[in-house]
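Here is input-v1.cif, consisting of mmCIF, C-alpha atoms and all ligand atoms:
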data_coords
#
loop_
_atom_site.group_PDB
_atom_site.id
_atom_site.type_symbol
_atom_site.label_atom_id
_atom_site.label_comp_id
_atom_site.auth_asym_id
_atom_site.auth_seq_id
_atom_site.Cartn_x
_atom_site.Cartn_y
_atom_site.Cartn_z
ATOM 1 C CA MET A 1 16.855 -23.135 -25.092
ATOM 2 C CA ALA A 2 14.426 -20.319 -24.301
ATOM 3 C CA GLN A 3 13.410 -20.145 -20.665
ATOM 4 C CA ALA A 4 9.758 -19.944 -19.675
ATOM 5 C CA LYS A 5 10.230 -17.291 -17.033
ATOM 6 C CA LYS A 6 10.944 -13.713 -17.941
ATOM 7 C CA ARG A 7 14.106 -12.237 -16.560
ATOM 8 C CA VAL A 8 14.324 -8.453 -16.218
ATOM 9 C CA ILE A 9 17.744 -7.035 -15.474
ATOM 10 C CA ALA A 10 18.004 -3.380 -14.454
ATOM 11 C CA VAL A 11 21.530 -2.138 -15.088
ATOM 12 C CA SER A 12 21.860 0.662 -12.588
ATOM 13 C CA GLY A 13 24.431 2.669 -10.669
ATOM 14 C CA CYS A 14 23.690 5.965 -9.093
ATOM 15 C CA LYS A 15 26.791 7.727 -10.394
ATOM 16 C CA GLY A 16 26.863 9.052 -13.958
ATOM 17 C CA GLY A 17 29.420 7.750 -16.420
ATOM 18 C CA VAL A 18 30.335 4.493 -14.640
ATOM 19 C CA GLY A 19 29.450 2.474 -17.725
ATOM 20 C CA LYS A 20 25.789 1.526 -17.216
ATOM 21 C CA THR A 21 24.987 1.869 -20.924
ATOM 22 C CA VAL A 22 28.112 -0.009 -22.009
ATOM 23 C CA VAL A 23 27.277 -2.820 -19.571
ATOM 24 C CA ALA A 24 23.564 -2.969 -20.529
ATOM 25 C CA VAL A 25 24.231 -3.030 -24.279
ATOM 26 C CA ASN A 26 26.969 -5.652 -24.096
ATOM 27 C CA LEU A 27 25.115 -7.872 -21.613
ATOM 28 C CA ALA A 28 22.157 -7.763 -24.009
ATOM 29 C CA LEU A 29 24.420 -8.987 -26.811
ATOM 30 C CA ALA A 30 26.136 -11.597 -24.608
ATOM 31 C CA MET A 31 22.765 -13.047 -23.567
ATOM 32 C CA ALA A 32 21.441 -12.983 -27.143
ATOM 33 C CA LYS A 33 24.511 -14.975 -28.164
ATOM 34 C CA LEU A 34 23.428 -17.566 -25.567
ATOM 35 C CA GLY A 35 20.242 -18.046 -27.602
ATOM 36 C CA GLN A 36 17.946 -15.848 -25.528
ATOM 37 C CA ARG A 37 15.371 -13.493 -27.021
ATOM 38 C CA VAL A 38 16.559 -10.195 -25.621
ATOM 39 C CA VAL A 39 14.969 -6.760 -25.569
ATOM 40 C CA LEU A 40 17.156 -3.850 -24.504
ATOM 41 C CA MET A 41 15.120 -0.997 -23.085
ATOM 42 C CA ASP A 42 16.305 2.551 -22.694
ATOM 43 C CA GLY A 43 15.254 3.418 -19.176
ATOM 44 C CA ASN A 44 16.434 6.997 -19.315
ATOM 45 C CA LEU A 45 12.976 8.478 -19.704
ATOM 46 C CA SER A 46 14.080 12.088 -20.001
ATOM 47 C CA VAL A 47 16.963 11.635 -22.454
ATOM 48 C CA PRO A 48 16.693 8.236 -24.183
ATOM 49 C CA ASP A 49 19.705 7.603 -26.392
ATOM 50 C CA VAL A 50 20.549 3.902 -26.434
ATOM 51 C CA GLU A 51 19.683 3.316 -30.075
ATOM 52 C CA PHE A 52 21.851 6.216 -31.130
ATOM 53 C CA THR A 53 24.797 4.811 -29.217
ATOM 54 C CA LEU A 54 24.275 1.704 -31.353
ATOM 55 C CA GLY A 55 24.167 3.799 -34.524
ATOM 56 C CA MET A 56 20.624 2.604 -35.230
ATOM 57 C CA ASN A 57 18.416 5.610 -35.739
ATOM 58 C CA GLU A 58 20.075 8.665 -37.227
ATOM 59 C CA GLU A 59 16.787 9.792 -38.822
ATOM 60 C CA GLY A 60 14.923 9.542 -35.523
ATOM 61 C CA LEU A 61 17.644 11.541 -33.825
ATOM 62 C CA LYS A 62 17.391 14.307 -36.427
ATOM 63 C CA GLU A 63 13.594 14.402 -35.993
ATOM 64 C CA GLN A 64 13.839 14.660 -32.229
ATOM 65 C CA LEU A 65 16.410 17.424 -32.414
ATOM 66 C CA SER A 66 14.433 19.387 -34.986
ATOM 67 C CA SER A 67 11.227 19.079 -32.935
ATOM 68 C CA ASP A 68 12.985 21.012 -30.198
ATOM 69 C CA PHE A 69 12.408 18.273 -27.639
ATOM 70 C CA ILE A 70 8.652 18.605 -27.382
ATOM 71 C CA PHE A 71 7.852 15.076 -26.403
ATOM 72 C CA SER A 72 4.738 12.996 -26.430
ATOM 73 C CA SER A 73 3.529 11.761 -23.072
ATOM 74 C CA SER A 74 2.654 8.331 -24.407
ATOM 75 C CA ALA A 75 5.067 5.461 -24.895
ATOM 76 C CA GLU A 76 4.138 5.229 -28.591
ATOM 77 C CA GLY A 77 6.827 6.669 -30.786
ATOM 78 C CA GLU A 78 7.415 6.612 -34.516
ATOM 79 C CA PHE A 79 9.496 3.502 -34.728
ATOM 80 C CA ALA A 80 10.226 0.743 -37.145
ATOM 81 C CA THR A 81 8.341 -2.532 -36.760
ATOM 82 C CA SER A 82 10.333 -5.471 -35.566
ATOM 83 C CA SER A 83 11.035 -8.172 -38.136
ATOM 84 C CA SER A 84 9.635 -10.707 -35.635
ATOM 85 C CA GLY A 85 6.276 -9.996 -37.300
ATOM 86 C CA HIS A 86 4.562 -8.448 -34.294
ATOM 87 C CA GLN A 87 3.359 -4.889 -34.456
ATOM 88 C CA GLN A 88 5.245 -4.003 -31.331
ATOM 89 C CA LYS A 89 5.423 -0.363 -30.571
ATOM 90 C CA GLY A 90 8.819 1.148 -30.166
ATOM 91 C CA LEU A 91 10.882 -1.938 -31.060
ATOM 92 C CA LEU A 92 13.871 -1.576 -33.345
ATOM 93 C CA ASP A 93 15.958 -4.449 -34.679
ATOM 94 C CA GLY A 94 19.453 -4.185 -33.272
ATOM 95 C CA PRO A 95 22.613 -6.247 -33.710
ATOM 96 C CA SER A 96 22.695 -10.031 -33.040
ATOM 97 C CA GLY A 97 18.907 -10.279 -32.854
ATOM 98 C CA VAL A 98 18.663 -7.922 -29.864
ATOM 99 C CA ARG A 99 15.597 -5.711 -30.152
ATOM 100 C CA VAL A 100 15.775 -2.212 -28.740
ATOM 101 C CA PHE A 101 12.866 -0.472 -27.027
ATOM 102 C CA THR A 102 13.117 3.271 -26.672
ATOM 103 C CA PRO A 103 10.120 4.892 -25.067
ATOM 104 C CA ALA A 104 9.312 8.321 -26.445
ATOM 105 C CA ALA A 105 10.880 10.782 -24.035
ATOM 106 C CA GLN A 106 8.391 11.300 -21.253
ATOM 107 C CA GLY A 107 8.204 15.026 -20.715
ATOM 108 C CA ASP A 108 9.771 18.302 -21.719
ATOM 109 C CA TRP A 109 12.050 20.409 -19.548
ATOM 110 C CA LYS A 110 9.133 22.074 -17.769
ATOM 111 C CA ASP A 111 7.721 18.860 -16.332
ATOM 112 C CA SER A 112 9.423 16.464 -14.035
ATOM 113 C CA ILE A 113 8.745 12.876 -14.973
ATOM 114 C CA GLN A 114 6.086 11.328 -12.813
ATOM 115 C CA ILE A 115 6.245 7.927 -11.184
ATOM 116 C CA ILE A 116 2.934 7.121 -12.907
ATOM 117 C CA GLN A 117 4.647 7.392 -16.294
ATOM 118 C CA ALA A 118 7.198 4.793 -15.229
ATOM 119 C CA VAL A 119 4.409 2.572 -13.883
ATOM 120 C CA GLU A 120 2.465 2.850 -17.161
ATOM 121 C CA LEU A 121 5.597 1.914 -19.068
ATOM 122 C CA ILE A 122 6.136 -1.150 -16.853
ATOM 123 C CA GLN A 123 2.550 -2.248 -17.507
ATOM 124 C CA ASP A 124 2.762 -1.501 -21.246
ATOM 125 C CA MET A 125 5.662 -3.932 -21.505
ATOM 126 C CA ASP A 126 3.232 -6.828 -20.799
ATOM 127 C CA ASP A 127 2.479 -6.734 -24.559
ATOM 128 C CA LEU A 128 5.993 -8.033 -25.205
ATOM 129 C CA ALA A 129 5.887 -10.856 -22.669
ATOM 130 C CA SER A 130 5.248 -13.690 -25.122
ATOM 131 C CA ASP A 131 8.102 -12.644 -27.360
ATOM 132 C CA LEU A 132 11.130 -12.341 -25.093
ATOM 133 C CA ASP A 133 13.154 -14.199 -22.500
ATOM 134 C CA THR A 134 15.204 -11.360 -21.083
ATOM 135 C CA LEU A 135 14.549 -7.643 -20.810
ATOM 136 C CA ILE A 136 17.611 -5.557 -20.028
ATOM 137 C CA ILE A 137 17.052 -1.983 -18.904
ATOM 138 C CA ASP A 138 19.732 0.650 -19.224
ATOM 139 C CA THR A 139 18.754 3.017 -16.411
ATOM 140 C CA ALA A 140 19.525 6.679 -15.815
ATOM 141 C CA PRO A 141 21.982 7.919 -13.197
ATOM 142 C CA GLY A 142 20.610 9.314 -9.946
ATOM 143 C CA LEU A 143 17.719 8.468 -7.689
ATOM 144 C CA ALA A 144 14.813 10.278 -9.373
ATOM 145 C CA PRO A 145 11.502 8.575 -8.517
ATOM 146 C CA ASP A 146 10.764 7.434 -12.094
ATOM 147 C CA ASN A 147 14.220 5.873 -12.360
ATOM 148 C CA VAL A 148 14.017 4.084 -9.027
ATOM 149 C CA THR A 149 10.516 2.829 -9.942
ATOM 150 C CA LEU A 150 11.916 1.165 -13.076
ATOM 151 C CA ILE A 151 14.874 -0.324 -11.194
ATOM 152 C CA GLN A 152 12.795 -1.882 -8.401
ATOM 153 C CA ALA A 153 10.466 -3.454 -10.996
ATOM 154 C CA ALA A 154 13.232 -5.740 -12.314
ATOM 155 C CA THR A 155 13.851 -9.347 -11.276
ATOM 156 C CA GLU A 156 17.590 -8.660 -10.917
ATOM 157 C CA VAL A 157 19.200 -5.340 -10.020
ATOM 158 C CA VAL A 158 22.755 -5.016 -11.330
ATOM 159 C CA VAL A 159 24.683 -2.137 -9.759
ATOM 160 C CA VAL A 160 27.663 -0.836 -11.725
ATOM 161 C CA VAL A 161 30.473 0.931 -9.879
ATOM 162 C CA SER A 162 33.870 2.013 -11.131
ATOM 163 C CA GLN A 163 37.267 2.368 -9.537
ATOM 164 C CA GLU A 164 36.294 5.824 -8.273
ATOM 165 C CA ASP A 165 35.288 5.624 -4.632
ATOM 166 C CA VAL A 166 32.477 8.129 -5.126
ATOM 167 C CA SER A 167 30.727 5.545 -7.303
ATOM 168 C CA VAL A 168 30.788 3.140 -4.345
ATOM 169 C CA ILE A 169 29.325 5.785 -1.996
ATOM 170 C CA ASP A 170 26.587 6.545 -4.533
ATOM 171 C CA ALA A 171 25.885 2.820 -4.911
ATOM 172 C CA VAL A 172 25.444 2.545 -1.128
ATOM 173 C CA ARG A 173 22.816 5.316 -1.276
ATOM 174 C CA GLN A 174 21.006 3.615 -4.131
ATOM 175 C CA ILE A 175 21.057 0.172 -2.507
ATOM 176 C CA ARG A 176 19.808 1.506 0.851
ATOM 177 C CA LEU A 177 17.002 3.440 -0.832
ATOM 178 C CA LEU A 178 15.862 0.413 -2.843
ATOM 179 C CA TYR A 179 15.949 -1.740 0.275
ATOM 180 C CA ARG A 180 14.182 0.689 2.598
ATOM 181 C CA VAL A 181 11.512 1.926 0.200
ATOM 182 C CA PHE A 182 10.892 -1.154 -1.945
ATOM 183 C CA ASN A 183 12.326 -4.033 0.087
ATOM 184 C CA VAL A 184 14.734 -5.003 -2.713
ATOM 185 C CA HIS A 185 17.441 -6.909 -0.880
ATOM 186 C CA GLN A 186 19.462 -8.747 -3.540
ATOM 187 C CA PHE A 187 21.976 -6.773 -5.627
ATOM 188 C CA TYR A 188 24.456 -7.971 -8.265
ATOM 189 C CA ILE A 189 27.615 -5.890 -8.426
ATOM 190 C CA VAL A 190 29.776 -5.225 -11.494
ATOM 191 C CA VAL A 191 32.958 -3.176 -11.167
ATOM 192 C CA ASN A 192 33.721 -1.488 -14.489
ATOM 193 C CA LEU A 193 36.802 0.290 -15.789
ATOM 194 C CA VAL A 194 39.262 -1.630 -13.606
ATOM 195 C CA SER A 195 43.002 -1.748 -14.161
ATOM 196 C CA SER A 196 43.352 -5.155 -12.495
ATOM 197 C CA ARG A 197 41.114 -7.967 -11.327
ATOM 198 C CA ARG A 198 42.242 -7.228 -7.765
ATOM 199 C CA GLY A 199 41.043 -3.608 -8.209
ATOM 200 C CA GLY A 200 37.530 -4.895 -8.906
ATOM 201 C CA ALA A 201 37.485 -7.190 -5.885
ATOM 202 C CA LYS A 202 38.699 -4.312 -3.682
ATOM 203 C CA GLN A 203 35.795 -2.063 -4.720
ATOM 204 C CA PHE A 204 33.377 -4.879 -3.979
ATOM 205 C CA GLU A 205 34.946 -5.334 -0.514
ATOM 206 C CA LYS A 206 34.528 -1.573 0.139
ATOM 207 C CA LEU A 207 30.851 -1.808 -0.771
ATOM 208 C CA GLN A 208 30.420 -4.796 1.550
ATOM 209 C CA GLU A 209 32.147 -2.889 4.340
ATOM 210 C CA TYR A 210 29.830 0.142 3.974
ATOM 211 C CA LEU A 211 26.771 -2.099 4.067
ATOM 212 C CA LYS A 212 27.931 -4.580 6.684
ATOM 213 C CA ASP A 213 25.355 -3.396 9.252
ATOM 214 C CA ASP A 214 22.473 -3.760 6.784
ATOM 215 C CA LYS A 215 22.158 -7.475 7.419
ATOM 216 C CA GLN A 216 19.180 -8.053 5.135
ATOM 217 C CA ILE A 217 20.990 -6.744 2.072
ATOM 218 C CA VAL A 218 22.674 -9.431 -0.020
ATOM 219 C CA LEU A 219 25.461 -8.385 -2.380
ATOM 220 C CA SER A 220 26.709 -10.806 -5.040
ATOM 221 C CA TYR A 221 29.836 -10.000 -7.005
ATOM 222 C CA LEU A 222 29.436 -10.703 -10.714
ATOM 223 C CA GLY A 223 32.969 -9.600 -11.597
ATOM 224 C CA ALA A 224 35.070 -6.813 -13.054
ATOM 225 C CA ILE A 225 35.285 -5.368 -16.549
ATOM 226 C CA PRO A 226 38.689 -4.017 -17.492
ATOM 227 C CA HIS A 227 39.287 -0.546 -18.828
ATOM 228 C CA ASP A 228 39.763 -1.576 -22.441
ATOM 229 C CA LYS A 229 40.301 0.827 -25.329
ATOM 230 C CA THR A 230 38.368 -1.494 -27.643
ATOM 231 C CA VAL A 231 35.232 -0.371 -25.741
ATOM 232 C CA SER A 232 35.755 3.329 -26.449
ATOM 233 C CA GLU A 233 36.874 2.628 -30.033
ATOM 234 C CA ALA A 234 33.628 0.710 -30.636
ATOM 235 C CA ILE A 235 31.595 3.603 -29.178
ATOM 236 C CA LEU A 236 33.323 6.049 -31.503
ATOM 237 C CA GLN A 237 32.136 3.884 -34.409
ATOM 238 C CA GLN A 238 28.603 3.856 -32.856
ATOM 239 C CA SER A 239 28.858 0.120 -32.314
ATOM 240 C CA ALA A 240 28.690 -2.122 -29.300
ATOM 241 C CA LEU A 241 31.876 -3.828 -28.206
ATOM 242 C CA LEU A 242 30.507 -7.349 -28.766
ATOM 243 C CA THR A 243 29.632 -6.564 -32.381
ATOM 244 C CA VAL A 244 33.257 -5.547 -32.964
ATOM 245 C CA SER A 245 35.176 -8.017 -30.817
ATOM 246 C CA ASN A 246 34.378 -11.140 -28.849
ATOM 247 C CA ASP A 247 37.771 -11.897 -27.462
ATOM 248 C CA CYS A 248 39.320 -8.715 -26.127
ATOM 249 C CA ARG A 249 39.546 -8.640 -22.319
ATOM 250 C CA ALA A 250 36.376 -6.605 -21.797
ATOM 251 C CA ALA A 251 34.411 -8.807 -24.236
ATOM 252 C CA ARG A 252 35.435 -11.936 -22.349
ATOM 253 C CA ALA A 253 34.309 -10.293 -19.109
ATOM 254 C CA PHE A 254 30.889 -9.465 -20.601
ATOM 255 C CA HIS A 255 30.437 -13.045 -21.808
ATOM 256 C CA ARG A 256 31.401 -14.367 -18.362
ATOM 257 C CA ILE A 257 28.942 -12.070 -16.586
ATOM 258 C CA GLY A 258 26.181 -12.820 -19.129
ATOM 259 C CA HIS A 259 26.637 -16.568 -18.460
ATOM 260 C CA GLN A 260 26.395 -16.041 -14.731
ATOM 261 C CA LEU A 261 23.215 -14.000 -15.000
ATOM 262 C CA ALA A 262 21.612 -16.496 -17.387
ATOM 263 C CA LYS A 263 22.212 -19.315 -14.876
ATOM 264 C CA LEU A 264 20.460 -17.580 -11.947
ATOM 265 C CA PRO A 265 16.992 -18.873 -11.105
ATOM 266 C CA VAL A 266 14.392 -16.209 -11.905
ATOM 267 C CA PRO A 267 12.941 -15.043 -8.581
ATOM 268 C CA GLU A 268 9.251 -15.169 -7.746
ATOM 269 C CA PRO A 269 7.254 -11.912 -7.921
ATOM 270 C CA LYS A 270 7.472 -9.938 -4.694
ATOM 271 C CA GLY A 271 4.175 -8.063 -4.792
ATOM 272 C CA ARG A 272 5.659 -4.754 -5.878
ATOM 273 C CA ILE A 273 4.917 -3.076 -9.195
ATOM 274 C CA GLU A 274 6.998 -5.401 -11.348
ATOM 275 C CA PHE A 275 7.510 -6.174 -15.028
ATOM 276 C CA PHE A 276 5.399 -8.952 -16.587
ATOM 277 C CA LEU A 277 3.414 -9.443 -13.391
ATOM 278 C CA PRO A 278 0.250 -11.028 -14.893
ATOM 279 C CA GLY A 279 2.274 -13.767 -16.642
ATOM 280 C CA ARG A 280 4.510 -14.360 -13.647
ATOM 281 C CA ILE A 281 1.568 -14.737 -11.290
ATOM 282 C CA LYS A 282 -0.082 -17.193 -13.724
ATOM 283 C CA GLU A 283 3.123 -19.279 -13.743
ATOM 284 C CA ARG A 284 2.769 -19.728 -9.983
ATOM 285 C CA ILE A 285 -0.795 -21.046 -9.935
HETATM 286 N N1 LIG B 301 35.181 -0.979 -19.801
HETATM 287 C C1 LIG B 301 35.418 0.186 -20.408
HETATM 288 N N2 LIG B 301 36.617 0.412 -21.048
HETATM 289 C C2 LIG B 301 36.866 1.598 -21.646
HETATM 290 N N3 LIG B 301 36.015 2.639 -21.675
HETATM 291 C C3 LIG B 301 34.821 2.466 -21.072
HETATM 292 C C4 LIG B 301 34.465 1.244 -20.413
HETATM 293 N N4 LIG B 301 33.228 1.402 -19.893
HETATM 294 C C5 LIG B 301 32.822 2.647 -20.202
HETATM 295 N N5 LIG B 301 33.774 3.287 -20.902
HETATM 296 C C6 LIG B 301 33.760 4.700 -21.362
HETATM 297 O O1 LIG B 301 32.982 5.446 -20.462
HETATM 298 C C7 LIG B 301 32.008 6.187 -21.178
HETATM 299 C C8 LIG B 301 30.756 6.276 -20.355
HETATM 300 O O2 LIG B 301 30.110 5.026 -20.368
HETATM 301 P P1 LIG B 301 28.524 4.914 -20.341
HETATM 302 O O3 LIG B 301 27.902 5.853 -21.282
HETATM 303 O O4 LIG B 301 28.180 3.461 -20.478
HETATM 304 O O5 LIG B 301 28.259 5.404 -18.834
HETATM 305 P P2 LIG B 301 26.834 5.572 -18.144
HETATM 306 O O6 LIG B 301 26.987 5.105 -16.732
HETATM 307 O O7 LIG B 301 25.772 4.920 -18.946
HETATM 308 O O8 LIG B 301 26.645 7.154 -18.196
HETATM 309 P P3 LIG B 301 25.286 7.964 -17.853
HETATM 310 O O9 LIG B 301 25.211 7.986 -16.362
HETATM 311 O O10 LIG B 301 25.538 9.304 -18.442
HETATM 312 O O11 LIG B 301 24.139 7.237 -18.476
HETATM 313 C C9 LIG B 301 31.826 5.461 -22.494
HETATM 314 O O12 LIG B 301 31.465 6.339 -23.515
HETATM 315 C C10 LIG B 301 33.163 4.847 -22.741
HETATM 316 O O13 LIG B 301 33.977 5.743 -23.472
HETATM 317 MG MG MG B 302 24.005 5.676 -19.775
#

Starting from the file, give its structure as structure tokens.
Amino acid sequence: MAQAKKRVIAVSGCKGGVGKTVVAVNLALAMAKLGQRVVLMDGNLSVPDVEFTLGMNEEGLKEQLSSDFIFSSSAEGEFATSSSGHQQKGLLDGPSGVRVFTPAAQGDWKDSIQIIQAVELIQDMDDLASDLDTLIIDTAPGLAPDNVTLIQAATEVVVVVSQEDVSVIDAVRQIRLLYRVFNVHQFYIVVNLVSSRRGGAKQFEKLQEYLKDDKQIVLSYLGAIPHDKTVSEAILQQSALLTVSNDCRAARAFHRIGHQLAKLPVPEPKGRIEFFLPGRIKERI
């Protein structure tokens, strides 16, 4: 049953290559399979590529490459219209009913991306509010202001780390920044690419240890995703794991984590710049 409140999950993780995109794409599919209307947004504003990793837009890719990366500064790209019937800019129909939103890349190599562009994008998403239950954002690595602005605007911040300790150190930096600058204090941790369940729990314990003096920060462990060759095989075929397999070890982990996230109560707005704010404020009064 579709929920009334909009959930916005930012899949983050300061370190590159820890599996943010893999987690975002497969959580989107897992939650769609629970009956939710899911939009997957590419939050990498300088190099958006989610739809290509799903094998969805070869023509668009060719156009972007041939235009030598001179990007528009608006969020309106040349995209297909969703079959839902709404003229929603930038929405592509993806697998299992997931719709994919790829903002036009927000600047060329001469310009850094401004926070205001991220804020405009957050506000533009209000147009989609009536037509989704869950927005999942695949965010960029690093702590660039536009990226952090998107992450803090979510209702739930998922932080992905791997078995490499540097990913835990980078996650500590990201979590502290989001807490100190934006007062985000709840974080959901996923440990990806683990060789054993114990390995995942150990990384979570390390993160807790680093942050033990930051008493206001609450870390919740969502679980581990095994290093599974089915994931990389699916990527080679430009598919998501959950469109290829639902019962390999990693697929089961994604379904488990998707269930857990879907059960969480959607938090109240906090007064920051957040997604779907007008609707969420109306729900309160
Ligand atoms: N659970 C997994 N099992 C096997 N391989 C995986 C798994 N998760 C990720 N990978 C591999 O790691 C690669 C990097 O993953 P992904 O692109 O999701 O990382 P990322 O954090 O989004 O990177 P970036 O910071 O560049 O955006 C994938 O292409 C895939 O080959
Ligand atoms: Mg990525």

Hey, which residues sit close to ligand MG 302 (chain B)? Say within 12 Å, counting only C-alpha atoms and all ligand atoms, and write them as a PDB file with C-alpha atoms, in the coordinates of the input.
ATOM      1  CA  VAL A  11      21.530  -2.138 -15.088  1.00  0.00           C
ATOM      2  CA  SER A  12      21.860   0.662 -12.588  1.00  0.00           C
ATOM      3  CA  GLY A  13      24.431   2.669 -10.669  1.00  0.00           C
ATOM      4  CA  CYS A  14      23.690   5.965  -9.093  1.00  0.00           C
ATOM      5  CA  LYS A  15      26.791   7.727 -10.394  1.00  0.00           C
ATOM      6  CA  GLY A  16      26.863   9.052 -13.958  1.00  0.00           C
ATOM      7  CA  GLY A  17      29.420   7.750 -16.420  1.00  0.00           C
ATOM      8  CA  VAL A  18      30.335   4.493 -14.640  1.00  0.00           C
ATOM      9  CA  GLY A  19      29.450   2.474 -17.725  1.00  0.00           C
ATOM     10  CA  LYS A  20      25.789   1.526 -17.216  1.00  0.00           C
ATOM     11  CA  THR A  21      24.987   1.869 -20.924  1.00  0.00           C
ATOM     12  CA  VAL A  22      28.112  -0.009 -22.009  1.00  0.00           C
ATOM     13  CA  VAL A  23      27.277  -2.820 -19.571  1.00  0.00           C
ATOM     14  CA  ALA A  24      23.564  -2.969 -20.529  1.00  0.00           C
ATOM     15  CA  VAL A  25      24.231  -3.030 -24.279  1.00  0.00           C
ATOM     16  CA  MET A  41      15.120  -0.997 -23.085  1.00  0.00           C
ATOM     17  CA  ASP A  42      16.305   2.551 -22.694  1.00  0.00           C
ATOM     18  CA  GLY A  43      15.254   3.418 -19.176  1.00  0.00           C
ATOM     19  CA  ASN A  44      16.434   6.997 -19.315  1.00  0.00           C
ATOM     20  CA  LEU A  45      12.976   8.478 -19.704  1.00  0.00           C
ATOM     21  CA  SER A  46      14.080  12.088 -20.001  1.00  0.00           C
ATOM     22  CA  VAL A  47      16.963  11.635 -22.454  1.00  0.00           C
ATOM     23  CA  PRO A  48      16.693   8.236 -24.183  1.00  0.00           C
ATOM     24  CA  ASP A  49      19.705   7.603 -26.392  1.00  0.00           C
ATOM     25  CA  VAL A  50      20.549   3.902 -26.434  1.00  0.00           C
ATOM     26  CA  GLU A  51      19.683   3.316 -30.075  1.00  0.00           C
ATOM     27  CA  PHE A  52      21.851   6.216 -31.130  1.00  0.00           C
ATOM     28  CA  THR A  53      24.797   4.811 -29.217  1.00  0.00           C
ATOM     29  CA  ILE A 137      17.052  -1.983 -18.904  1.00  0.00           C
ATOM     30  CA  ASP A 138      19.732   0.650 -19.224  1.00  0.00           C
ATOM     31  CA  THR A 139      18.754   3.017 -16.411  1.00  0.00           C
ATOM     32  CA  ALA A 140      19.525   6.679 -15.815  1.00  0.00           C
ATOM     33  CA  PRO A 141      21.982   7.919 -13.197  1.00  0.00           C
ATOM     34  CA  GLY A 142      20.610   9.314  -9.946  1.00  0.00           C
ATOM     35  CA  VAL A 160      27.663  -0.836 -11.725  1.00  0.00           C
TER      36      VAL A 160
END

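Put simply, CA of Thr134 (chain A) is 12.2 Å away from CA of Lys33 (chain A).
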
ask   = Hey, which of A:Tyr221, A:Gly258, A:Ser167, A:Phe275 ends up closest to Gln208 (chain A)? Count only C-alpha atoms.
value =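 Once distances to Gln208 (chain A) are computed over only C-alpha atoms, the minimum belongs to A:Tyr221.
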
message = Can you measure CA of Asp214 (chain A) to CA of Phe276 (chain A) for me? One decimal in Å is fine.
response = 29.4 Å

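CA of Glu268 (chain A) sits 8.5 Å away from CA of Ile281 (chain A).
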
inquiry  = Is it possible to get the residues within 12 Å of (35.2, -6.6, -31.6) (coordinates as in the file, counting all atoms listed in the file) written as a VMD selection string?
reply    = chain A and resid 26 228 to 235 237 239 to 252

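Nearest to Leu207 (chain A) of all the residues A:Leu177, A:Ile9, A:Ile189, A:Leu91 is A:Ile189, based on only C-alpha atoms.
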